[in-house]
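Visitor: What follows is target_38.txt, compact mmCIF, C-alpha atoms and all ligand atoms.
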# COMPACT_ATOMS: atom_id res chain seq x y z
CA MET A 297 -71.54 -57.51 -225.04
CA ILE A 298 -73.45 -59.35 -227.74
CA ILE A 299 -75.17 -62.52 -226.61
CA SER A 300 -75.79 -64.95 -229.47
CA SER A 301 -78.73 -67.34 -229.75
CA ASP A 302 -76.18 -70.13 -229.39
CA SER A 303 -75.10 -68.77 -225.99
CA ILE A 304 -78.74 -68.40 -224.98
CA ASN A 305 -79.40 -72.03 -225.89
CA HIS A 306 -76.44 -73.09 -223.73
CA MET A 307 -77.48 -71.11 -220.66
CA GLU A 308 -78.39 -73.01 -217.49
CA LYS A 309 -82.17 -73.58 -217.54
CA PHE A 310 -83.21 -71.20 -214.74
CA TYR A 311 -80.69 -68.57 -215.75
CA ARG A 312 -82.17 -68.61 -219.29
CA VAL A 313 -85.74 -68.45 -217.98
CA ASN A 314 -84.86 -65.40 -215.86
CA PHE A 315 -82.89 -63.76 -218.64
CA ILE A 316 -85.52 -64.14 -221.39
CA ASN A 317 -88.44 -63.39 -219.07
CA SER A 318 -86.98 -60.06 -218.01
CA LEU A 319 -85.86 -59.04 -221.51
CA THR A 320 -89.38 -58.16 -222.64
CA GLY A 321 -89.58 -55.26 -220.18
CA PHE A 322 -92.03 -54.56 -217.37
CA LYS A 323 -95.26 -56.51 -217.63
CA SER A 324 -98.79 -56.43 -216.31
CA ALA A 325 -99.46 -58.06 -212.94
CA SER A 326 -102.70 -60.03 -212.82
CA LEU A 327 -104.45 -62.73 -210.89
CA ILE A 328 -106.69 -64.85 -213.10
CA GLY A 329 -109.67 -66.36 -211.29
CA THR A 330 -111.59 -69.40 -212.56
CA ILE A 331 -113.86 -72.14 -211.27
CA ASN A 332 -114.10 -75.80 -212.30
CA PRO A 333 -117.31 -77.79 -212.98
CA ASN A 334 -117.19 -79.15 -209.40
CA GLY A 335 -117.23 -75.64 -207.98
CA HIS A 336 -113.54 -75.55 -206.96
CA THR A 337 -112.15 -72.03 -207.36
CA ASN A 338 -108.69 -71.41 -208.80
CA LEU A 339 -106.42 -68.38 -208.82
CA ALA A 340 -103.03 -67.90 -210.51
CA VAL A 341 -100.59 -65.06 -211.16
CA PHE A 342 -99.98 -64.09 -214.81
CA ASN A 343 -97.62 -61.48 -216.26
CA SER A 344 -98.70 -61.78 -219.89
CA VAL A 345 -102.11 -60.08 -219.95
CA ILE A 346 -102.34 -57.59 -222.80
CA HIS A 347 -104.93 -55.42 -224.49
CA VAL A 348 -106.14 -57.09 -227.71
CA GLY A 349 -108.70 -54.52 -228.86
CA ALA A 350 -111.16 -51.91 -227.62
CA ASN A 351 -114.09 -52.54 -229.97
CA PRO A 352 -115.18 -55.15 -229.01
CA PRO A 353 -113.25 -54.84 -225.73
CA LEU A 354 -110.80 -57.77 -225.72
CA MET A 355 -107.93 -58.88 -223.51
CA GLY A 356 -105.65 -61.87 -223.86
CA PHE A 357 -102.87 -63.74 -222.09
CA LEU A 358 -100.29 -66.39 -222.84
CA MET A 359 -100.74 -69.84 -221.34
CA ARG A 360 -97.83 -72.24 -220.87
CA PRO A 361 -98.12 -75.58 -222.73
CA VAL A 362 -101.08 -77.58 -221.43
CA ASN A 363 -99.36 -81.00 -221.55
CA VAL A 364 -99.38 -80.87 -217.73
CA PRO A 365 -102.51 -79.90 -215.74
CA ARG A 366 -103.14 -76.16 -216.08
CA HIS A 367 -106.16 -75.45 -213.94
CA THR A 368 -106.72 -71.95 -215.30
CA TYR A 369 -106.83 -73.23 -218.87
CA HIS A 370 -109.02 -76.26 -218.20
CA ASN A 371 -111.50 -74.21 -216.15
CA ILE A 372 -111.79 -71.57 -218.84
CA LYS A 373 -112.37 -74.23 -221.49
CA ALA A 374 -114.91 -76.00 -219.26
CA ASN A 375 -117.15 -73.04 -218.40
CA GLY A 376 -116.10 -70.16 -220.65
CA TYR A 377 -115.42 -67.44 -218.07
CA PHE A 378 -112.48 -65.92 -216.21
CA THR A 379 -111.63 -62.83 -214.19
CA ILE A 380 -108.53 -60.65 -214.35
CA ASN A 381 -107.70 -58.96 -211.05
CA HIS A 382 -104.93 -56.36 -210.81
CA ILE A 383 -102.22 -57.08 -208.28
CA ASN A 384 -101.94 -54.17 -205.85
CA SER A 385 -98.82 -53.52 -203.77
CA ASN A 386 -100.42 -54.98 -200.63
CA LEU A 387 -101.29 -58.23 -202.47
CA ILE A 388 -97.81 -59.18 -203.72
CA LYS A 389 -97.16 -62.01 -201.24
CA PRO A 390 -100.47 -63.89 -201.66
CA ALA A 391 -100.47 -63.16 -205.40
CA HIS A 392 -97.02 -64.66 -205.88
CA GLN A 393 -97.92 -67.68 -203.76
CA THR A 394 -100.70 -68.58 -206.24
CA SER A 395 -97.98 -69.68 -208.69
CA ALA A 396 -97.31 -72.73 -206.49
CA ARG A 397 -98.63 -76.00 -207.93
CA TYR A 398 -101.56 -76.71 -205.65
CA PRO A 399 -103.66 -79.83 -206.32
CA GLU A 400 -106.91 -79.24 -208.19
CA ASP A 401 -109.07 -79.53 -205.07
CA VAL A 402 -107.07 -76.90 -203.16
CA SER A 403 -108.25 -73.36 -203.84
CA GLU A 404 -105.48 -70.76 -204.03
CA PHE A 405 -108.01 -68.38 -202.45
CA GLU A 406 -108.07 -70.46 -199.28
CA ALA A 407 -104.36 -71.26 -199.43
CA THR A 408 -103.38 -67.58 -199.64
CA GLY A 409 -106.16 -65.93 -197.63
CA LEU A 410 -107.58 -63.95 -200.55
CA THR A 411 -111.35 -63.53 -200.64
CA VAL A 412 -113.70 -64.83 -203.33
CA GLU A 413 -116.29 -62.42 -204.72
CA TYR A 414 -118.93 -63.09 -207.40
CA THR A 415 -121.22 -61.04 -209.62
CA GLU A 416 -124.30 -62.29 -211.45
CA LYS A 417 -122.76 -62.03 -214.90
CA ILE A 418 -119.48 -63.93 -214.54
CA LEU A 419 -119.17 -67.63 -213.75
CA ALA A 420 -115.72 -67.15 -212.19
CA PRO A 421 -114.43 -65.74 -208.90
CA TYR A 422 -113.06 -62.23 -208.47
CA VAL A 423 -110.44 -61.30 -205.86
CA LYS A 424 -112.32 -59.06 -203.42
CA GLU A 425 -109.14 -57.30 -202.26
CA SER A 426 -108.08 -56.29 -205.78
CA ILE A 427 -108.89 -52.67 -206.75
CA ILE A 428 -109.42 -53.22 -210.50
CA LYS A 429 -111.29 -56.35 -211.63
CA ILE A 430 -112.36 -57.44 -215.09
CA GLY A 431 -114.89 -60.16 -215.93
CA LEU A 432 -114.44 -61.89 -219.28
CA LYS A 433 -116.02 -64.48 -221.53
CA PHE A 434 -113.63 -66.79 -223.40
CA VAL A 435 -113.79 -66.16 -227.16
CA GLU A 436 -110.76 -67.67 -228.91
CA GLU A 437 -107.46 -69.49 -228.42
CA PHE A 438 -104.41 -69.69 -230.63
CA THR A 439 -101.61 -72.23 -230.35
CA ILE A 440 -98.10 -70.92 -230.96
CA LYS A 441 -96.83 -73.99 -232.82
CA THR A 442 -93.14 -73.32 -232.13
CA ASN A 443 -93.46 -73.98 -228.40
CA GLU A 444 -97.08 -75.12 -227.84
CA THR A 445 -98.00 -72.10 -225.72
CA LYS A 446 -101.55 -70.81 -226.14
CA PHE A 447 -102.82 -67.28 -226.50
CA ILE A 448 -106.22 -67.02 -224.83
CA VAL A 449 -108.58 -64.21 -225.81
CA GLY A 450 -111.54 -63.05 -223.74
CA GLU A 451 -114.22 -60.42 -224.26
CA ILE A 452 -114.72 -58.00 -221.36
CA LEU A 453 -118.27 -58.28 -220.00
CA GLU A 454 -117.83 -56.04 -216.96
CA VAL A 455 -115.24 -53.99 -215.09
CA ILE A 456 -115.33 -53.41 -211.34
CA ILE A 457 -113.37 -50.27 -210.54
CA PRO A 458 -113.55 -47.25 -208.18
CA GLU A 459 -115.07 -44.37 -210.16
CA GLU A 460 -112.51 -41.85 -208.89
CA ILE A 461 -109.53 -43.57 -210.53
CA ILE A 462 -110.92 -43.16 -214.07
CA GLU A 463 -109.66 -39.88 -215.52
CA LYS A 464 -111.85 -37.52 -217.59
CA ASP A 465 -110.63 -38.98 -220.90
CA GLY A 466 -111.04 -42.61 -219.84
CA ILE A 467 -107.47 -43.37 -218.79
CA VAL A 468 -107.33 -45.50 -215.66
CA ASP A 469 -104.96 -44.12 -213.01
CA LEU A 470 -103.12 -47.33 -212.24
CA GLU A 471 -100.82 -45.65 -209.72
CA LYS A 472 -103.79 -44.40 -207.72
CA ALA A 473 -105.10 -47.96 -207.75
CA GLY A 474 -101.75 -49.24 -206.48
CA THR A 475 -101.40 -51.66 -209.40
CA VAL A 476 -97.85 -53.03 -209.59
CA THR A 477 -95.78 -54.19 -212.54
CA ILE A 478 -93.68 -57.35 -212.92
CA ARG A 479 -90.11 -58.02 -214.06
CA GLY A 480 -89.31 -61.61 -214.99
CA LEU A 481 -91.03 -64.14 -212.76
CA ASP A 482 -90.20 -62.87 -209.29
CA SER A 483 -89.91 -59.09 -209.09
CA TYR A 484 -92.79 -56.75 -208.35
CA HIS A 485 -92.35 -53.00 -208.87
CA GLU A 486 -94.17 -49.75 -208.20
CA THR A 487 -94.29 -47.23 -211.05
CA LYS A 488 -93.84 -43.47 -211.42
CA LEU A 489 -95.56 -41.47 -214.16
CA LEU A 490 -93.01 -39.45 -216.11
CA GLU A 491 -95.17 -37.76 -218.74
CA ARG A 492 -98.46 -38.05 -220.65
CA MET A 493 -97.99 -37.33 -224.34
CA PRO A 494 -100.45 -35.89 -226.91
CA TYR A 495 -101.67 -38.09 -229.81
CA ALA A 496 -98.73 -38.12 -232.24
CA LYS A 497 -99.21 -36.72 -235.78
CA PRO A 498 -96.73 -36.78 -238.67
C1 LIG B 501 -94.72 -63.59 -211.76
C2 LIG B 501 -95.31 -64.79 -212.47
C3 LIG B 501 -95.89 -64.63 -213.70
C4 LIG B 501 -96.46 -65.73 -214.38
N1 LIG B 501 -97.02 -65.55 -215.61
C5 LIG B 501 -97.52 -66.61 -216.28
C6 LIG B 501 -98.08 -66.45 -217.58
O1 LIG B 501 -98.16 -65.35 -218.11
N2 LIG B 501 -98.56 -67.58 -218.21
C7 LIG B 501 -98.52 -68.83 -217.62
O2 LIG B 501 -98.97 -69.78 -218.25
N3 LIG B 501 -98.00 -68.99 -216.39
C8 LIG B 501 -97.52 -67.92 -215.72
N4 LIG B 501 -96.99 -68.09 -214.46
C9 LIG B 501 -97.04 -69.43 -213.86
C10 LIG B 501 -98.38 -69.70 -213.22
O3 LIG B 501 -98.69 -68.75 -212.21
C11 LIG B 501 -98.33 -71.11 -212.59
O4 LIG B 501 -98.08 -72.06 -213.61
C12 LIG B 501 -99.58 -71.49 -211.86
O5 LIG B 501 -99.31 -72.63 -211.08
C13 LIG B 501 -100.72 -71.82 -212.79
O6 LIG B 501 -101.78 -72.22 -211.97
P1 LIG B 501 -102.98 -73.14 -212.47
O7 LIG B 501 -102.44 -74.50 -212.84
O8 LIG B 501 -103.83 -73.18 -211.25
O9 LIG B 501 -103.61 -72.45 -213.62
C14 LIG B 501 -96.41 -67.00 -213.78
C15 LIG B 501 -95.81 -67.17 -212.53
C16 LIG B 501 -95.25 -66.07 -211.87
C17 LIG B 501 -94.61 -66.27 -210.53
Please, can you express the file's structure as structure tokens?

Guide:
Amino acid sequence: MIISSDSINHMEKFYRVNFINSLTGFKSASLIGTINPNGHTNLAVFNSVIHVGANPPLMGFLMRPVNVPRHTYHNIKANGYFTINHINSNLIKPAHQTSARYPEDVSEFEATGLTVEYTEKILAPYVKESIIKIGLKFVEEFTIKTNETKFIVGEILEVIIPEEIIEKDGIVDLEKAGTVTIRGLDSYHETKLLERMPYAKP
């Protein structure tokens, strides 16, 4: 079948959200940790984290429009730091629960039972239980004018990772870490490596 943009525009709201969100393919599964100026920690699940560049090491994610309170966004803008914590298969339930709209003074860490962990360098909480953790400094934001979403870019200041899951050539063995992948807004999947390919030349 061919689904036209007109049909998409006429889809029931939640059907359309599910349809479009799963069309992009499997996505990264992250918990973004932040803290507000009053010291309240915040944690939220994101499926839009991508690699932006390796030199300098940059990562970014897409933020929904900030015309309603978005604690992650406001905390990042207030203190300039955030953490990205991979979601492992044993963390799916608490990770998903962080998407609930808790009031600002309720920490998703406490609400879900996940544990806060800090390092000296990053003014934002890590998820202790997560196997791969990245500490970043906010560097830039871009507004997508068409729908008012924001692309947030951070520079990696440190990575907390078990040494044995980094392969000889630098590739991180995500399966060994138990990192999951996300479809749409509600499905968490394990992965299976099919093949590693050599650098392609013409
Ligand atoms: C699987 C999943 C993926 C999500 N990915 C994103 C995302 O990439 N960007 C975003 O702005 N919100 C995303 N959300 C919604 C946020 O988790 C949700 O708005 C959360 O309440 C934000 O928390 P905060 O206000 O504490 O920052 C996602 C939700 C789920 C369930």

Visitor: Within 12 Å of (-115.2, -45.4, -206.8), all atoms listed in the file: residues as a list of chain:residue names?

Guide: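 These residues have at least one counted atom within 12 Å: A:Ile427, A:Ile428, A:Val455, A:Ile456, A:Ile457, A:Pro458, A:Glu459, A:Glu460, A:Ile461, A:Ile462, A:Glu463, A:Val468, A:Lys472, A:Ala473.
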
Visitor: What does the list of residues within 9 Å of ligand LIG 501 (chain B) look like if you count only C-alpha atoms and all ligand atoms, written as a ChimeraX atom specification?

Guide: /A:325-330,338-345,357-362,364-371,391-400,403-404,445-446,478-484

Visitor: From the set A:Gly335, A:Gly450, A:Pro421, A:Pro353, which residue has the shortest atom-to-atom contact distance to A:Gly376, counting only C-alpha atoms?

Guide: A:Gly450

Visitor: Can you tell me, as number ranges by chain, what residues are no more than 9 Å from A:Glu413 when counting all atoms listed in the file, ignoring any on the same chain fewer than 2 positions away?

Guide: A: 411, 415, 420-424

Visitor: Return as AutoDock Vina command-line options the centre and edge lengths, in Å with one decimal, of the box along x, y and z that encloses every atom of stretch 366-371 of chain A in the file, padded by 6 Å per side.

Guide:
--center_x -107.3 --center_y -74.1 --center_z -216.4 --size_x 20.4 --size_y 16.3 --size_z 16.9
